[in-house]
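Scroll down for the structure; my scribbles are underneath it.
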Amino acid sequence: MRFALSHGPLEAAVQTRGGELVSLRRGGTEYIWSGDPAFWSGQNPILFPIVGTLKNGQVDIDGQICHMSRHGFARNLDFTPAEQGDGFITLELRDSSETLTHYPFPFSLRVRHQLLENGFSTAFTVENTGGSPLPFCIGAHTAFRCPLLDGERFEDYQLTFDRPEDASTLLLTPEGLIRGGAAEPMLSGGVLPLNYETFRRLDTVIFRQLQSGAVSLAHRETGRGVKLDFSQFPMAAFWTKPGAPFLCLEPWQGCAAFDNETGRFQDKPFAVTLAPGEMRTLAYTVTLL
């Protein structure tokens, strides 16, 4: 099922499959990647209850070995509309016999997509509806068209962070695990020019605990693009397929398994644990430039 949102000059579309915002238009310009399977069929998946890849595809949760594919199961399930109003919609995913097979916890995940004056916000609210502690990770994977206009190139764009940075990217193994103790200098001064070779070599650029809370993806000359506020998240990642006309801006609470980790969910970096009845909301905001 698909829902249309509008607010001033902005129009958006949200689908119940995966709870995703899959279109954002201003005038004749579409900002969200179309999901062309020639490169990547995804658009804006929600990463829950894990982010990234598990070691050997499994994780230890209180002594129980649980299996989940990369980025968890929320992106492949149908959410239920819970609330809709002027320029916003809230969708909900709750535990089921299917989710309990992989993740033995009762939960509620609410996703609120809200159009703003010049962009949108997405808020994730996770509630522990069970009687035992609930561990989870969560993240976004929003794919923005890059370049935006005909005649432009991917290399015409850059990432600009809102504070000066001297930061390294975490490095991945061929299996998609994070290499413990390994990093590569990537940011100097807070600007990262884009080129496909970086993503061909590294797959994903991953930063943890930056000084910045926002980053712009914009054309170097015109300044046109988007700005992501990820200040509520401790990690930010960037990914594309070499040659593909999009870049994913990904705020993360949690990350892929480290190749030297214990394998226990509770030991995963930045994993959140909620007490029974407790809830946590994390939100990111996108502004059109």
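Residues are named by chain letter and number: chains run A, B, ... in the order of the structure tokens, numbers start at 1 in each chain, and ligands are numbered from 1 in the order shown.
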
Distance query A:Thr29 at most 10 Å, only C-alpha atoms, self and fewer than 3 positions along chain excluded, as a list of chain:residue names: A:Leu24, A:Arg25, A:Arg26, A:Ile32, A:Arg145, A:Leu148, A:Leu149

Who sits within 9 Å of A:Ala214, only C-alpha atoms, same chain under 2 positions skipped, as a PyMOL selection string: chain A and resi 160-163+212+216+227-231

Can you spit out the residues from that selection as a compact mmCIF listing (two decimals), in the first residue's frame, using all heavy atoms?
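Result written to selection_29.txt:
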```txt
# COMPACT_ATOMS: atom_id res chain seq x y z
N THR A 160 30.06 17.64 2.67
CA THR A 160 30.63 18.70 3.50
C THR A 160 30.02 18.60 4.90
O THR A 160 28.80 18.73 5.06
CB THR A 160 30.35 20.09 2.91
OG1 THR A 160 30.84 20.14 1.57
CG2 THR A 160 31.02 21.17 3.74
N PHE A 161 30.85 18.35 5.89
CA PHE A 161 30.40 18.22 7.26
C PHE A 161 30.34 19.59 7.93
O PHE A 161 31.03 20.53 7.51
CB PHE A 161 31.31 17.27 8.03
CG PHE A 161 31.21 15.85 7.53
CD1 PHE A 161 31.93 15.44 6.41
CD2 PHE A 161 30.38 14.94 8.17
CE1 PHE A 161 31.82 14.15 5.93
CE2 PHE A 161 30.27 13.64 7.70
CZ PHE A 161 30.98 13.24 6.57
N ASP A 162 29.49 19.72 8.95
CA ASP A 162 29.24 21.04 9.51
C ASP A 162 30.31 21.51 10.48
O ASP A 162 30.27 22.64 10.96
CB ASP A 162 27.85 21.12 10.15
CG ASP A 162 27.70 20.24 11.39
OD1 ASP A 162 28.56 19.37 11.60
OD2 ASP A 162 26.72 20.43 12.14
N ARG A 163 31.29 20.64 10.77
CA ARG A 163 32.42 21.04 11.59
C ARG A 163 33.70 20.48 10.97
O ARG A 163 33.65 19.46 10.28
CB ARG A 163 32.27 20.53 13.03
CG ARG A 163 31.06 21.12 13.76
CD ARG A 163 30.99 20.65 15.20
NE ARG A 163 32.13 21.14 15.97
CZ ARG A 163 32.28 20.90 17.29
NH1 ARG A 163 31.37 20.19 17.94
NH2 ARG A 163 33.33 21.37 17.93
N SER A 212 30.88 16.46 13.97
CA SER A 212 29.74 17.03 13.25
C SER A 212 28.45 16.31 13.59
O SER A 212 28.45 15.13 13.93
CB SER A 212 29.97 16.93 11.74
OG SER A 212 31.14 17.63 11.36
N SER A 216 26.26 17.77 4.32
CA SER A 216 25.57 18.13 3.07
C SER A 216 26.12 17.32 1.92
O SER A 216 27.34 17.13 1.80
CB SER A 216 25.78 19.62 2.77
OG SER A 216 25.21 20.43 3.78
N LYS A 227 20.85 18.22 2.83
CA LYS A 227 21.61 18.26 4.09
C LYS A 227 20.95 17.31 5.07
O LYS A 227 19.74 17.37 5.30
CB LYS A 227 21.64 19.67 4.66
CG LYS A 227 22.45 19.78 5.96
CD LYS A 227 22.51 21.23 6.44
CE LYS A 227 23.36 21.35 7.71
NZ LYS A 227 23.43 22.76 8.17
N LEU A 228 21.75 16.42 5.65
CA LEU A 228 21.28 15.43 6.62
C LEU A 228 21.72 15.82 8.01
O LEU A 228 22.91 16.00 8.26
CB LEU A 228 21.84 14.05 6.28
CG LEU A 228 21.65 12.95 7.35
CD1 LEU A 228 20.19 12.50 7.40
CD2 LEU A 228 22.57 11.77 7.09
N ASP A 229 20.77 15.95 8.93
CA ASP A 229 21.07 16.12 10.35
C ASP A 229 21.01 14.74 10.99
O ASP A 229 19.94 14.14 11.10
CB ASP A 229 20.06 17.06 11.00
CG ASP A 229 20.38 17.35 12.47
OD1 ASP A 229 20.81 16.42 13.19
OD2 ASP A 229 20.19 18.49 12.90
N PHE A 230 22.18 14.23 11.41
CA PHE A 230 22.26 12.91 12.02
C PHE A 230 22.73 13.00 13.48
O PHE A 230 23.27 12.05 14.04
CB PHE A 230 23.21 11.99 11.23
CG PHE A 230 24.64 12.49 11.14
CD1 PHE A 230 25.57 12.09 12.09
CD2 PHE A 230 25.05 13.34 10.13
CE1 PHE A 230 26.90 12.53 12.03
CE2 PHE A 230 26.37 13.78 10.05
CZ PHE A 230 27.28 13.38 11.01
N SER A 231 22.49 14.15 14.11
CA SER A 231 23.07 14.45 15.41
C SER A 231 22.61 13.51 16.52
O SER A 231 23.28 13.41 17.57
CB SER A 231 22.77 15.90 15.81
OG SER A 231 21.37 16.16 15.79
```

Contact residues around A:Glu152 with only C-alpha atoms at 12 Å, ignoring same-chain residues under 5 positions, as a list in words: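 My list of contacting residues is Arg145, Cys146, Pro147, Tyr157, Ala218, His219, Arg220, Glu221, Thr222, Arg224 and Pro245 of chain A.
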
Contacts of stretch 166-172 of chain A at 9 Å (only C-alpha atoms; same-chain gap of 5+ positions) as a ChimeraX atom specification: /A:177-190,202-208,210,237,258

Given the selection you just returned, output its residues as a file containing N, CA, C and O atoms, formatted as an mmCIF file, in the first residue's frame.
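Done, and the output landed in again_19.cif:
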```
data_model
loop_
_atom_site.group_PDB
_atom_site.id
_atom_site.type_symbol
_atom_site.label_atom_id
_atom_site.label_comp_id
_atom_site.auth_asym_id
_atom_site.auth_seq_id
_atom_site.Cartn_x
_atom_site.Cartn_y
_atom_site.Cartn_z
ATOM 1 N N LEU A 177 32.093 -7.632 7.454
ATOM 2 C CA LEU A 177 32.366 -7.382 8.865
ATOM 3 C C LEU A 177 33.347 -6.216 8.980
ATOM 4 O O LEU A 177 34.126 -5.932 8.063
ATOM 5 N N ILE A 178 33.320 -5.541 10.127
ATOM 6 C CA ILE A 178 34.254 -4.454 10.375
ATOM 7 C C ILE A 178 35.556 -5.042 10.912
ATOM 8 O O ILE A 178 35.554 -5.866 11.827
ATOM 9 N N ARG A 179 36.648 -4.619 10.332
ATOM 10 C CA ARG A 179 37.954 -5.122 10.737
ATOM 11 C C ARG A 179 38.395 -4.453 12.035
ATOM 12 O O ARG A 179 38.638 -3.242 12.064
ATOM 13 N N GLY A 180 38.471 -5.229 13.093
ATOM 14 C CA GLY A 180 38.857 -4.684 14.384
ATOM 15 C C GLY A 180 40.251 -4.085 14.341
ATOM 16 O O GLY A 180 41.197 -4.695 13.848
ATOM 17 N N GLY A 181 40.376 -2.838 14.839
ATOM 18 C CA GLY A 181 41.670 -2.175 14.898
ATOM 19 C C GLY A 181 42.149 -1.597 13.591
ATOM 20 O O GLY A 181 43.279 -1.082 13.518
ATOM 21 N N ALA A 182 41.348 -1.651 12.534
ATOM 22 C CA ALA A 182 41.768 -1.147 11.222
ATOM 23 C C ALA A 182 40.951 0.081 10.839
ATOM 24 O O ALA A 182 39.747 0.139 11.083
ATOM 25 N N ALA A 183 41.622 1.067 10.270
ATOM 26 C CA ALA A 183 40.955 2.275 9.803
ATOM 27 C C ALA A 183 41.834 2.939 8.763
ATOM 28 O O ALA A 183 43.036 2.667 8.672
ATOM 29 N N GLU A 184 41.217 3.815 7.958
ATOM 30 C CA GLU A 184 41.954 4.531 6.917
ATOM 31 C C GLU A 184 41.597 6.012 6.988
ATOM 32 O O GLU A 184 40.417 6.359 6.996
ATOM 33 N N PRO A 185 42.594 6.904 7.054
ATOM 34 C CA PRO A 185 42.293 8.336 7.049
ATOM 35 C C PRO A 185 41.412 8.700 5.854
ATOM 36 O O PRO A 185 41.681 8.289 4.726
ATOM 37 N N MET A 186 40.367 9.473 6.108
ATOM 38 C CA MET A 186 39.399 9.754 5.048
ATOM 39 C C MET A 186 38.979 11.219 5.025
ATOM 40 O O MET A 186 38.791 11.799 3.962
ATOM 41 N N LEU A 187 38.824 11.833 6.186
ATOM 42 C CA LEU A 187 38.356 13.212 6.258
ATOM 43 C C LEU A 187 39.457 14.107 6.791
ATOM 44 O O LEU A 187 40.054 13.817 7.823
ATOM 45 N N SER A 188 39.710 15.184 6.078
ATOM 46 C CA SER A 188 40.635 16.194 6.559
ATOM 47 C C SER A 188 40.045 17.556 6.233
ATOM 48 O O SER A 188 39.943 17.923 5.059
ATOM 49 N N GLY A 189 39.600 18.253 7.256
ATOM 50 C CA GLY A 189 38.983 19.558 7.043
ATOM 51 C C GLY A 189 37.483 19.524 6.893
ATOM 52 O O GLY A 189 36.849 20.571 6.819
ATOM 53 N N GLY A 190 36.891 18.337 6.798
ATOM 54 C CA GLY A 190 35.440 18.243 6.782
ATOM 55 C C GLY A 190 34.806 18.166 5.415
ATOM 56 O O GLY A 190 33.578 18.195 5.309
ATOM 57 N N LEU A 202 36.465 0.520 -1.091
ATOM 58 C CA LEU A 202 36.073 0.387 0.315
ATOM 59 C C LEU A 202 34.667 -0.157 0.514
ATOM 60 O O LEU A 202 34.325 -0.549 1.623
ATOM 61 N N ASP A 203 33.841 -0.130 -0.506
ATOM 62 C CA ASP A 203 32.419 -0.495 -0.434
ATOM 63 C C ASP A 203 31.621 0.559 0.329
ATOM 64 O O ASP A 203 30.712 1.164 -0.227
ATOM 65 N N THR A 204 31.927 0.771 1.599
ATOM 66 C CA THR A 204 31.171 1.711 2.425
ATOM 67 C C THR A 204 32.146 2.571 3.223
ATOM 68 O O THR A 204 33.136 2.067 3.758
ATOM 69 N N VAL A 205 31.860 3.868 3.292
ATOM 70 C CA VAL A 205 32.627 4.776 4.147
ATOM 71 C C VAL A 205 31.869 4.911 5.462
ATOM 72 O O VAL A 205 30.682 5.276 5.465
ATOM 73 N N ILE A 206 32.526 4.590 6.574
ATOM 74 C CA ILE A 206 31.859 4.499 7.880
ATOM 75 C C ILE A 206 32.621 5.333 8.904
ATOM 76 O O ILE A 206 33.814 5.098 9.147
ATOM 77 N N PHE A 207 31.927 6.283 9.512
ATOM 78 C CA PHE A 207 32.518 7.111 10.562
ATOM 79 C C PHE A 207 31.797 6.868 11.886
ATOM 80 O O PHE A 207 30.585 6.640 11.914
ATOM 81 N N ARG A 208 32.535 6.958 12.956
ATOM 82 C CA ARG A 208 31.927 6.847 14.281
ATOM 83 C C ARG A 208 32.306 8.055 15.130
ATOM 84 O O ARG A 208 33.432 8.525 15.091
ATOM 85 N N LEU A 210 31.729 11.378 15.108
ATOM 86 C CA LEU A 210 32.285 12.590 14.527
ATOM 87 C C LEU A 210 31.982 13.802 15.408
ATOM 88 O O LEU A 210 31.064 13.776 16.250
ATOM 89 N N ALA A 237 27.279 6.581 7.794
ATOM 90 C CA ALA A 237 27.894 5.797 6.729
ATOM 91 C C ALA A 237 27.394 6.296 5.373
ATOM 92 O O ALA A 237 26.317 6.899 5.272
ATOM 93 N N PHE A 258 32.018 -6.654 14.332
ATOM 94 C CA PHE A 258 33.466 -6.617 14.195
ATOM 95 C C PHE A 258 33.969 -8.053 14.048
ATOM 96 O O PHE A 258 33.405 -8.979 14.647
#
```

Helix (DSSP H, G or I) call set, DSSP backbone run, stretch 17-255 of chain A, as a count of residues only: 22

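Ranking A:Leu100, A:Val51, A:Ala82, A:Ala13 by their shortest atom-to-atom distance to A:Glu30, with only C-alpha atoms included, puts A:Ala13 first.
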
Neighbour list for A:Trp239 as a count of residues only, cut-off 12 Å, only C-alpha atoms, skip fewer than 3 positions in-chain: 32

Members of stretch 65-271 of chain A assigned strand (DSSP E) by DSSP, as a ChimeraX atom specification: /A:65-67,80-85,88-94,107-116,119-128,134-136,138-140,142-145,157-161,166-172,178-188,191-193,204-208,214-219,225-229,235-239,246-253

Contacts of A:Val22 at 8 Å (only C-alpha atoms; same-chain gap of 5+ positions) as a PyMOL selection string: chain A and resi 12-15+32-34+43-44

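Distance annotation: of A:Phe233, A:Phe265, A:Phe270, A:Phe3, the residue with the minimal separation from A:Glu83 is A:Phe3; atom set is only C-alpha atoms.
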
Non-local contacts of A:Gly52 (9 Å; only C-alpha atoms; under 2 positions in same chain excluded) as a ChimeraX atom specification: /A:47,50,54,69-72,176-177,254-257

Take the selection from the previous step and output its residues with N, CA, C and O atoms, as a PDB file, in the first residue's frame.
```
ATOM      1  N   LEU A  47      16.804  -0.162   8.887  1.00  0.00           N
ATOM      2  CA  LEU A  47      17.696  -1.202   9.374  1.00  0.00           C
ATOM      3  C   LEU A  47      17.317  -1.511  10.826  1.00  0.00           C
ATOM      4  O   LEU A  47      17.562  -0.707  11.725  1.00  0.00           O
ATOM      5  N   ILE A  50      19.025  -5.052  13.558  1.00  0.00           N
ATOM      6  CA  ILE A  50      20.473  -4.973  13.453  1.00  0.00           C
ATOM      7  C   ILE A  50      20.834  -4.023  12.325  1.00  0.00           C
ATOM      8  O   ILE A  50      20.015  -3.727  11.452  1.00  0.00           O
ATOM      9  N   LEU A  54      25.938  -9.727  10.431  1.00  0.00           N
ATOM     10  CA  LEU A  54      26.323 -10.473  11.621  1.00  0.00           C
ATOM     11  C   LEU A  54      27.477 -11.417  11.302  1.00  0.00           C
ATOM     12  O   LEU A  54      27.605 -11.902  10.177  1.00  0.00           O
ATOM     13  N   SER A  69      19.629 -11.937   8.419  1.00  0.00           N
ATOM     14  CA  SER A  69      20.397 -11.479   7.266  1.00  0.00           C
ATOM     15  C   SER A  69      20.792 -10.022   7.466  1.00  0.00           C
ATOM     16  O   SER A  69      20.343  -9.359   8.418  1.00  0.00           O
ATOM     17  N   ARG A  70      21.609  -9.526   6.565  1.00  0.00           N
ATOM     18  CA  ARG A  70      22.145  -8.162   6.677  1.00  0.00           C
ATOM     19  C   ARG A  70      21.038  -7.124   6.870  1.00  0.00           C
ATOM     20  O   ARG A  70      20.012  -7.152   6.191  1.00  0.00           O
ATOM     21  N   HIS A  71      21.234  -6.264   7.819  1.00  0.00           N
ATOM     22  CA  HIS A  71      20.339  -5.144   8.127  1.00  0.00           C
ATOM     23  C   HIS A  71      19.003  -5.551   8.752  1.00  0.00           C
ATOM     24  O   HIS A  71      18.113  -4.707   8.930  1.00  0.00           O
ATOM     25  N   GLY A  72      18.830  -6.828   9.082  1.00  0.00           N
ATOM     26  CA  GLY A  72      17.625  -7.228   9.793  1.00  0.00           C
ATOM     27  C   GLY A  72      16.416  -7.435   8.902  1.00  0.00           C
ATOM     28  O   GLY A  72      16.499  -7.409   7.676  1.00  0.00           O
ATOM     29  N   GLY A 176      31.783  -8.347   4.808  1.00  0.00           N
ATOM     30  CA  GLY A 176      30.974  -7.251   5.319  1.00  0.00           C
ATOM     31  C   GLY A 176      31.111  -7.008   6.801  1.00  0.00           C
ATOM     32  O   GLY A 176      30.334  -6.237   7.382  1.00  0.00           O
ATOM     33  N   LEU A 177      32.093  -7.632   7.454  1.00  0.00           N
ATOM     34  CA  LEU A 177      32.366  -7.382   8.865  1.00  0.00           C
ATOM     35  C   LEU A 177      33.347  -6.216   8.980  1.00  0.00           C
ATOM     36  O   LEU A 177      34.126  -5.932   8.063  1.00  0.00           O
ATOM     37  N   GLY A 254      24.385   1.688  16.016  1.00  0.00           N
ATOM     38  CA  GLY A 254      24.863   0.324  15.879  1.00  0.00           C
ATOM     39  C   GLY A 254      25.519   0.141  14.528  1.00  0.00           C
ATOM     40  O   GLY A 254      25.495   1.043  13.676  1.00  0.00           O
ATOM     41  N   CYS A 255      26.139  -1.011  14.318  1.00  0.00           N
ATOM     42  CA  CYS A 255      26.878  -1.239  13.076  1.00  0.00           C
ATOM     43  C   CYS A 255      27.050  -2.736  12.858  1.00  0.00           C
ATOM     44  O   CYS A 255      26.625  -3.556  13.678  1.00  0.00           O
ATOM     45  N   ALA A 256      27.696  -3.077  11.749  1.00  0.00           N
ATOM     46  CA  ALA A 256      28.001  -4.473  11.446  1.00  0.00           C
ATOM     47  C   ALA A 256      28.887  -5.069  12.534  1.00  0.00           C
ATOM     48  O   ALA A 256      29.543  -4.352  13.302  1.00  0.00           O
ATOM     49  N   ALA A 257      28.919  -6.381  12.584  1.00  0.00           N
ATOM     50  CA  ALA A 257      29.765  -7.070  13.549  1.00  0.00           C
ATOM     51  C   ALA A 257      31.238  -6.783  13.266  1.00  0.00           C
ATOM     52  O   ALA A 257      31.652  -6.678  12.109  1.00  0.00           O
TER      53      ALA A 257
END
```

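For the pair atom CA of A:Phe79 and atom CA of A:Thr125, the interatomic distance is 13.5 Å.
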
Residue nearest A:Thr16 among A:Leu77, A:Ile61, A:Ala4, A:Ala275 (counting only C-alpha atoms):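 Closest to A:Thr16, using only C-alpha atoms: A:Leu77.
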